[in-house]
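Asker: Handing over input-v6.pdb, PDB, C-alpha atoms.
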MODEL        1
ATOM      1  CA  MET A  26     177.085  84.387 158.979
ATOM      2  CA  PRO A  27     174.979  81.205 158.715
ATOM      3  CA  ILE A  28     174.615  79.443 155.380
ATOM      4  CA  LYS A  29     171.238  77.937 154.527
ATOM      5  CA  ARG A  30     171.480  75.039 152.090
ATOM      6  CA  ALA A  31     168.579  73.439 150.268
ATOM      7  CA  ASN A  32     168.025  69.720 150.777
ATOM      8  CA  ARG A  33     168.896  68.254 147.364
ATOM      9  CA  LYS A  34     168.410  64.734 146.101
ATOM     10  CA  GLY A  35     169.219  65.401 142.454
ATOM     11  CA  ASN A  36     169.875  67.954 139.714
ATOM     12  CA  PHE A  37     172.970  69.536 141.268
ATOM     13  CA  ALA A  38     176.707  69.500 140.659
ATOM     14  CA  GLN A  39     179.469  68.634 143.101
ATOM     15  CA  ILE A  40     182.505  70.802 142.458
ATOM     16  CA  PRO A  41     185.716  70.700 144.516
ATOM     17  CA  ASN A  42     186.321  73.710 146.743
ATOM     18  CA  GLU A  43     189.764  74.161 145.151
ATOM     19  CA  THR A  44     188.063  74.719 141.806
ATOM     20  CA  LEU A  45     185.401  77.022 143.212
ATOM     21  CA  GLN A  46     188.111  79.122 144.858
ATOM     22  CA  ASP A  47     190.593  79.156 141.941
ATOM     23  CA  LYS A  48     191.712  82.787 141.758
ATOM     24  CA  ASN A  49     193.788  82.163 138.618
ATOM     25  CA  LEU A  50     190.726  82.062 136.329
ATOM     26  CA  THR A  51     189.032  85.117 134.906
ATOM     27  CA  ASN A  52     185.368  85.538 135.790
ATOM     28  CA  SER A  53     184.384  84.592 132.238
ATOM     29  CA  ALA A  54     186.405  81.362 132.205
ATOM     30  CA  TYR A  55     185.110  80.530 135.680
ATOM     31  CA  ARG A  56     181.498  81.015 134.512
ATOM     32  CA  LEU A  57     182.067  78.783 131.489
ATOM     33  CA  LEU A  58     183.672  76.079 133.639
ATOM     34  CA  MET A  59     180.773  76.104 136.123
ATOM     35  CA  TYR A  60     178.308  75.846 133.230
ATOM     36  CA  MET A  61     180.147  72.871 131.722
ATOM     37  CA  LEU A  62     180.562  71.092 135.063
ATOM     38  CA  SER A  63     176.821  71.425 135.663
ATOM     39  CA  MET A  64     176.083  69.257 132.617
ATOM     40  CA  ALA A  65     175.568  65.497 132.748
ATOM     41  CA  ASP A  66     178.387  63.111 131.875
ATOM     42  CA  GLY A  67     178.391  62.457 128.152
ATOM     43  CA  TRP A  68     176.957  65.878 127.319
ATOM     44  CA  ILE A  69     178.097  66.962 123.842
ATOM     45  CA  PHE A  70     179.719  70.396 123.897
ATOM     46  CA  ARG A  71     178.918  72.659 120.966
ATOM     47  CA  ASN A  72     180.335  76.179 121.005
ATOM     48  CA  SER A  73     177.181  77.584 119.396
ATOM     49  CA  LYS A  74     174.946  76.025 122.076
ATOM     50  CA  ILE A  75     177.166  77.214 124.903
ATOM     51  CA  ALA A  76     177.278  80.743 123.452
ATOM     52  CA  LYS A  77     173.495  80.856 123.144
ATOM     53  CA  ASP A  78     172.906  79.509 126.658
ATOM     54  CA  LEU A  79     175.351  81.959 128.235
ATOM     55  CA  GLY A  80     174.389  84.973 126.113
ATOM     56  CA  HIS A  81     177.732  85.397 124.380
ATOM     57  CA  ASN A  82     179.208  84.706 120.956
ATOM     58  CA  GLU A  83     181.320  81.745 119.874
ATOM     59  CA  ARG A  84     184.528  83.815 120.007
ATOM     60  CA  TRP A  85     183.875  84.365 123.748
ATOM     61  CA  VAL A  86     183.460  80.604 124.186
ATOM     62  CA  MET A  87     186.662  79.809 122.239
ATOM     63  CA  ASN A  88     188.716  82.389 124.173
ATOM     64  CA  ASN A  89     187.544  81.053 127.519
ATOM     65  CA  LEU A  90     188.016  77.436 126.466
ATOM     66  CA  ALA A  91     191.618  78.337 125.580
ATOM     67  CA  GLU A  92     192.089  79.812 129.065
ATOM     68  CA  LEU A  93     190.588  76.707 130.688
ATOM     69  CA  GLU A  94     192.809  74.479 128.554
ATOM     70  CA  LYS A  95     195.896  76.431 129.609
ATOM     71  CA  ALA A  96     194.813  76.117 133.268
ATOM     72  CA  GLY A  97     194.363  72.340 132.892
ATOM     73  CA  TYR A  98     190.577  72.174 133.217
ATOM     74  CA  VAL A  99     190.041  71.263 129.538
ATOM     75  CA  LYS A 100     191.984  68.775 127.446
ATOM     76  CA  ARG A 101     191.447  68.465 123.689
ATOM     77  CA  THR A 102     192.286  65.245 121.897
ATOM     78  CA  PRO A 103     192.118  64.857 118.115
ATOM     79  CA  ILE A 104     189.903  62.129 116.661
ATOM     80  CA  ARG A 105     191.450  60.805 113.457
ATOM     81  CA  ASN A 106     190.022  58.828 110.550
ATOM     82  CA  ASP A 107     191.656  55.808 108.864
ATOM     83  CA  ARG A 108     193.944  58.109 106.870
ATOM     84  CA  GLY A 109     195.197  59.885 109.983
ATOM     85  CA  GLN A 110     193.282  63.094 109.288
ATOM     86  CA  ILE A 111     191.690  64.933 112.186
ATOM     87  CA  THR A 112     187.924  64.702 111.787
ATOM     88  CA  GLU A 113     186.914  66.243 115.115
ATOM     89  CA  TRP A 114     188.185  67.113 118.559
ATOM     90  CA  GLU A 115     187.136  65.470 121.798
ATOM     91  CA  ARG A 116     187.093  67.676 124.879
ATOM     92  CA  VAL A 117     187.502  66.311 128.367
ATOM     93  CA  ILE A 118     186.470  68.668 131.164
ATOM     94  CA  TYR A 119     188.091  68.233 134.578
ATOM     95  CA  ASP A 120     186.513  69.439 137.805
ATOM     96  CA  LEU A 121     190.059  69.667 139.180
ATOM     97  CA  PRO A 122     193.050  69.886 136.841
ATOM     98  CA  PRO A 123     195.228  66.771 136.896
ATOM     99  CA  VAL A 124     198.474  67.352 138.747
ATOM    100  CA  ALA A 125     201.515  67.037 136.520
ATOM    101  CA  LYS A 126     203.633  64.154 137.740
ATOM    102  CA  GLU A 127     206.979  65.311 138.954
ATOM    103  CA  THR A 128     210.018  63.984 137.124
ATOM    104  CA  PRO A 129     212.282  62.004 139.490
ATOM    105  CA  GLY A 130     215.249  64.101 140.591
ATOM    106  CA  LYS A 131     213.575  67.432 139.685
ATOM    107  CA  HIS A 132     211.958  69.682 142.277
TER     108      HIS A 132
ENDMDL
END
Now, as a test, write the supplied structure out as structure tokens.

Answerer:
Amino acid sequence: MPIKRANRKGNFAQIPNETLQDKNLTNSAYRLLMYMLSMADGWIFRNSKIAKDLGHNERWVMNNLAELEKAGYVKRTPIRNDRGQITEWERVIYDLPPVAKETPGKH
């Protein structure tokens, strides 16, 4: 079956085939990941905005973010103030989960 592709010069996302074909993600987590990867670098993720854009509630977003974090597509890092208190969380979204480095001598 032939595939017809549009000629694009901008406003599209490049996503690795391994990610597009990841069968370990639920459809909901997959949809959320594709949405996030379609955003520009530096985009600020807000659960309420994501929920509104995708037609779900914030609980749906949080559950799917947890799945993506477990799968390695999302990493959360705490941002701390001068007193060491967490003031916010930074999320890094990966288009392909980083491969865990193997410990020497373990296979």

Asker: Let me know the residues the PyMOL selection byres ((chain A and resi 55) around 12) catches in the file above, as a count of residues only.

Answerer: 26

Asker: Once the PyMOL selection byres ((chain A and resi 118) around 6) has been applied to the shown file, what residues remain in the selection, as JSON, numbers by chain?

Answerer: {"A": [98, 99, 117, 119]}

Asker: Find the distance between CA of Asn82 (chain A) and CA of Thr112 (chain A) and write it in Å to one decimal.

Answerer: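 Between these atoms lies a distance of 23.7 Å.
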
Asker: Determine the residue set returned by the PyMOL selection byres ((chain A and resi 102) around 12) for the present structure, and present it as a PDB file with C-alpha atoms, keeping the file's coordinate frame.

Answerer:
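Output contents, as saved in result.pdb:
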ATOM      1  CA  GLU A  94     192.809  74.479 128.554  1.00  0.00           C
ATOM      2  CA  VAL A  99     190.041  71.263 129.538  1.00  0.00           C
ATOM      3  CA  LYS A 100     191.984  68.775 127.446  1.00  0.00           C
ATOM      4  CA  ARG A 101     191.447  68.465 123.689  1.00  0.00           C
ATOM      5  CA  PRO A 103     192.118  64.857 118.115  1.00  0.00           C
ATOM      6  CA  ILE A 104     189.903  62.129 116.661  1.00  0.00           C
ATOM      7  CA  ARG A 105     191.450  60.805 113.457  1.00  0.00           C
ATOM      8  CA  ILE A 111     191.690  64.933 112.186  1.00  0.00           C
ATOM      9  CA  THR A 112     187.924  64.702 111.787  1.00  0.00           C
ATOM     10  CA  GLU A 113     186.914  66.243 115.115  1.00  0.00           C
ATOM     11  CA  TRP A 114     188.185  67.113 118.559  1.00  0.00           C
ATOM     12  CA  GLU A 115     187.136  65.470 121.798  1.00  0.00           C
ATOM     13  CA  ARG A 116     187.093  67.676 124.879  1.00  0.00           C
ATOM     14  CA  VAL A 117     187.502  66.311 128.367  1.00  0.00           C
ATOM     15  CA  ILE A 118     186.470  68.668 131.164  1.00  0.00           C
TER      16      ILE A 118
END

Asker: Please give the centre and size of the box around region 43-58 of chain A (axis-aligned, containing every atom listed in the file, 6 Å added per side), with values in Å to one decimal and written as lines of an AutoDock Vina configuration file.

Answerer:
center_x = 187.6
center_y = 79.8
center_z = 138.3
size_x = 24.3
size_y = 23.4
size_z = 25.7

Asker: Using all atoms listed in the file, can you tell me which of A:Lys95, A:Pro123, A:Arg71, A:Ser63 comes closest to Gly35 (chain A)?

Answerer: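 Answer, going by the shortest atom-to-atom distance: A:Ser63.
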
Asker: One decimal, Å: what's the distance from CA of Phe37 (chain A) over to CA of Trp68 (chain A), could you say?

Answerer: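 Value for the CA of Phe37 (chain A)-CA of Trp68 (chain A) distance: 15.0 Å.
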
Asker: In Å, with one decimal, what is the gap from CA of Pro122 (chain A) to CA of His81 (chain A)?

Answerer: 25.1 Å

Asker: What would region 66-77 of chain A look like with all heavy atoms in place, written as a PDB file, in the coordinates of the input?

Answerer:
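Output file part_25.pdb is given in full below:
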ATOM      1  N   ASP A  66     177.314  63.826 132.557  1.00  0.00           N
ATOM      2  CA  ASP A  66     178.387  63.111 131.875  1.00  0.00           C
ATOM      3  C   ASP A  66     177.899  62.714 130.489  1.00  0.00           C
ATOM      4  O   ASP A  66     176.749  62.335 130.310  1.00  0.00           O
ATOM      5  CB  ASP A  66     178.784  61.854 132.651  1.00  0.00           C
ATOM      6  CG  ASP A  66     179.471  62.186 133.966  1.00  0.00           C
ATOM      7  OD1 ASP A  66     179.862  63.339 134.167  1.00  0.00           O
ATOM      8  OD2 ASP A  66     179.609  61.257 134.793  1.00  0.00           O
ATOM      9  N   GLY A  67     178.768  62.813 129.512  1.00  0.00           N
ATOM     10  CA  GLY A  67     178.391  62.457 128.152  1.00  0.00           C
ATOM     11  C   GLY A  67     177.743  63.584 127.377  1.00  0.00           C
ATOM     12  O   GLY A  67     177.406  63.410 126.210  1.00  0.00           O
ATOM     13  N   TRP A  68     177.554  64.736 128.010  1.00  0.00           N
ATOM     14  CA  TRP A  68     176.957  65.878 127.319  1.00  0.00           C
ATOM     15  C   TRP A  68     177.868  66.281 126.168  1.00  0.00           C
ATOM     16  O   TRP A  68     179.086  66.305 126.307  1.00  0.00           O
ATOM     17  CB  TRP A  68     176.782  67.040 128.292  1.00  0.00           C
ATOM     18  CG  TRP A  68     176.058  68.221 127.746  1.00  0.00           C
ATOM     19  CD1 TRP A  68     174.741  68.296 127.408  1.00  0.00           C
ATOM     20  CD2 TRP A  68     176.600  69.523 127.480  1.00  0.00           C
ATOM     21  NE1 TRP A  68     174.435  69.555 126.969  1.00  0.00           N
ATOM     22  CE2 TRP A  68     175.557  70.326 126.984  1.00  0.00           C
ATOM     23  CE3 TRP A  68     177.858  70.079 127.612  1.00  0.00           C
ATOM     24  CZ2 TRP A  68     175.740  71.658 126.639  1.00  0.00           C
ATOM     25  CZ3 TRP A  68     178.054  71.398 127.271  1.00  0.00           C
ATOM     26  CH2 TRP A  68     176.997  72.171 126.788  1.00  0.00           C
ATOM     27  N   ILE A  69     177.316  66.574 125.012  1.00  0.00           N
ATOM     28  CA  ILE A  69     178.097  66.962 123.842  1.00  0.00           C
ATOM     29  C   ILE A  69     178.211  68.479 123.815  1.00  0.00           C
ATOM     30  O   ILE A  69     177.204  69.185 123.755  1.00  0.00           O
ATOM     31  CB  ILE A  69     177.463  66.418 122.547  1.00  0.00           C
ATOM     32  CG1 ILE A  69     177.462  64.899 122.588  1.00  0.00           C
ATOM     33  CG2 ILE A  69     178.220  66.943 121.333  1.00  0.00           C
ATOM     34  CD1 ILE A  69     176.710  64.246 121.458  1.00  0.00           C
ATOM     35  N   PHE A  70     179.459  68.964 123.868  1.00  0.00           N
ATOM     36  CA  PHE A  70     179.719  70.396 123.897  1.00  0.00           C
ATOM     37  C   PHE A  70     179.744  70.955 122.485  1.00  0.00           C
ATOM     38  O   PHE A  70     180.492  70.488 121.634  1.00  0.00           O
ATOM     39  CB  PHE A  70     181.071  70.679 124.570  1.00  0.00           C
ATOM     40  CG  PHE A  70     181.063  70.374 126.036  1.00  0.00           C
ATOM     41  CD1 PHE A  70     181.451  69.132 126.504  1.00  0.00           C
ATOM     42  CD2 PHE A  70     180.654  71.323 126.942  1.00  0.00           C
ATOM     43  CE1 PHE A  70     181.435  68.840 127.856  1.00  0.00           C
ATOM     44  CE2 PHE A  70     180.632  71.049 128.297  1.00  0.00           C
ATOM     45  CZ  PHE A  70     181.027  69.806 128.758  1.00  0.00           C
ATOM     46  N   ARG A  71     178.931  71.926 122.235  1.00  0.00           N
ATOM     47  CA  ARG A  71     178.918  72.659 120.966  1.00  0.00           C
ATOM     48  C   ARG A  71     179.066  74.135 121.309  1.00  0.00           C
ATOM     49  O   ARG A  71     178.299  74.693 122.109  1.00  0.00           O
ATOM     50  CB  ARG A  71     177.612  72.430 120.226  1.00  0.00           C
ATOM     51  CG  ARG A  71     177.306  70.977 119.945  1.00  0.00           C
ATOM     52  CD  ARG A  71     177.124  70.738 118.462  1.00  0.00           C
ATOM     53  NE  ARG A  71     176.713  69.379 118.179  1.00  0.00           N
ATOM     54  CZ  ARG A  71     177.541  68.346 118.054  1.00  0.00           C
ATOM     55  NH1 ARG A  71     178.817  68.515 118.217  1.00  0.00           N
ATOM     56  NH2 ARG A  71     177.088  67.136 117.774  1.00  0.00           N
ATOM     57  N   ASN A  72     180.076  74.762 120.700  1.00  0.00           N
ATOM     58  CA  ASN A  72     180.335  76.179 121.005  1.00  0.00           C
ATOM     59  C   ASN A  72     179.107  77.044 120.776  1.00  0.00           C
ATOM     60  O   ASN A  72     178.826  77.963 121.548  1.00  0.00           O
ATOM     61  CB  ASN A  72     181.507  76.691 120.177  1.00  0.00           C
ATOM     62  CG  ASN A  72     182.823  76.093 120.618  1.00  0.00           C
ATOM     63  OD1 ASN A  72     182.884  75.302 121.555  1.00  0.00           O
ATOM     64  ND2 ASN A  72     183.880  76.468 119.941  1.00  0.00           N
ATOM     65  N   SER A  73     178.361  76.770 119.707  1.00  0.00           N
ATOM     66  CA  SER A  73     177.181  77.584 119.396  1.00  0.00           C
ATOM     67  C   SER A  73     176.114  77.453 120.488  1.00  0.00           C
ATOM     68  O   SER A  73     175.493  78.444 120.870  1.00  0.00           O
ATOM     69  CB  SER A  73     176.603  77.186 118.043  1.00  0.00           C
ATOM     70  OG  SER A  73     176.261  75.812 118.033  1.00  0.00           O
ATOM     71  N   LYS A  74     175.933  76.265 121.018  1.00  0.00           N
ATOM     72  CA  LYS A  74     174.946  76.025 122.076  1.00  0.00           C
ATOM     73  C   LYS A  74     175.371  76.706 123.377  1.00  0.00           C
ATOM     74  O   LYS A  74     174.572  77.354 124.056  1.00  0.00           O
ATOM     75  CB  LYS A  74     174.761  74.520 122.288  1.00  0.00           C
ATOM     76  CG  LYS A  74     173.929  74.139 123.491  1.00  0.00           C
ATOM     77  CD  LYS A  74     172.464  74.366 123.269  1.00  0.00           C
ATOM     78  CE  LYS A  74     171.671  73.685 124.371  1.00  0.00           C
ATOM     79  NZ  LYS A  74     170.750  74.567 125.047  1.00  0.00           N
ATOM     80  N   ILE A  75     176.646  76.573 123.693  1.00  0.00           N
ATOM     81  CA  ILE A  75     177.166  77.214 124.903  1.00  0.00           C
ATOM     82  C   ILE A  75     177.004  78.732 124.802  1.00  0.00           C
ATOM     83  O   ILE A  75     176.540  79.381 125.742  1.00  0.00           O
ATOM     84  CB  ILE A  75     178.645  76.852 125.123  1.00  0.00           C
ATOM     85  CG1 ILE A  75     178.794  75.346 125.397  1.00  0.00           C
ATOM     86  CG2 ILE A  75     179.242  77.657 126.276  1.00  0.00           C
ATOM     87  CD1 ILE A  75     180.230  74.852 125.380  1.00  0.00           C
ATOM     88  N   ALA A  76     177.384  79.291 123.656  1.00  0.00           N
ATOM     89  CA  ALA A  76     177.278  80.743 123.452  1.00  0.00           C
ATOM     90  C   ALA A  76     175.839  81.207 123.628  1.00  0.00           C
ATOM     91  O   ALA A  76     175.576  82.211 124.300  1.00  0.00           O
ATOM     92  CB  ALA A  76     177.804  81.113 122.072  1.00  0.00           C
ATOM     93  N   LYS A  77     174.911  80.480 123.041  1.00  0.00           N
ATOM     94  CA  LYS A  77     173.495  80.856 123.144  1.00  0.00           C
ATOM     95  C   LYS A  77     173.019  80.782 124.593  1.00  0.00           C
ATOM     96  O   LYS A  77     172.375  81.702 125.086  1.00  0.00           O
ATOM     97  CB  LYS A  77     172.652  79.923 122.267  1.00  0.00           C
ATOM     98  CG  LYS A  77     171.187  80.242 122.294  1.00  0.00           C
ATOM     99  CD  LYS A  77     170.412  79.300 121.404  1.00  0.00           C
ATOM    100  CE  LYS A  77     168.921  79.599 121.516  1.00  0.00           C
ATOM    101  NZ  LYS A  77     168.107  78.616 120.807  1.00  0.00           N
TER     102      LYS A  77
END
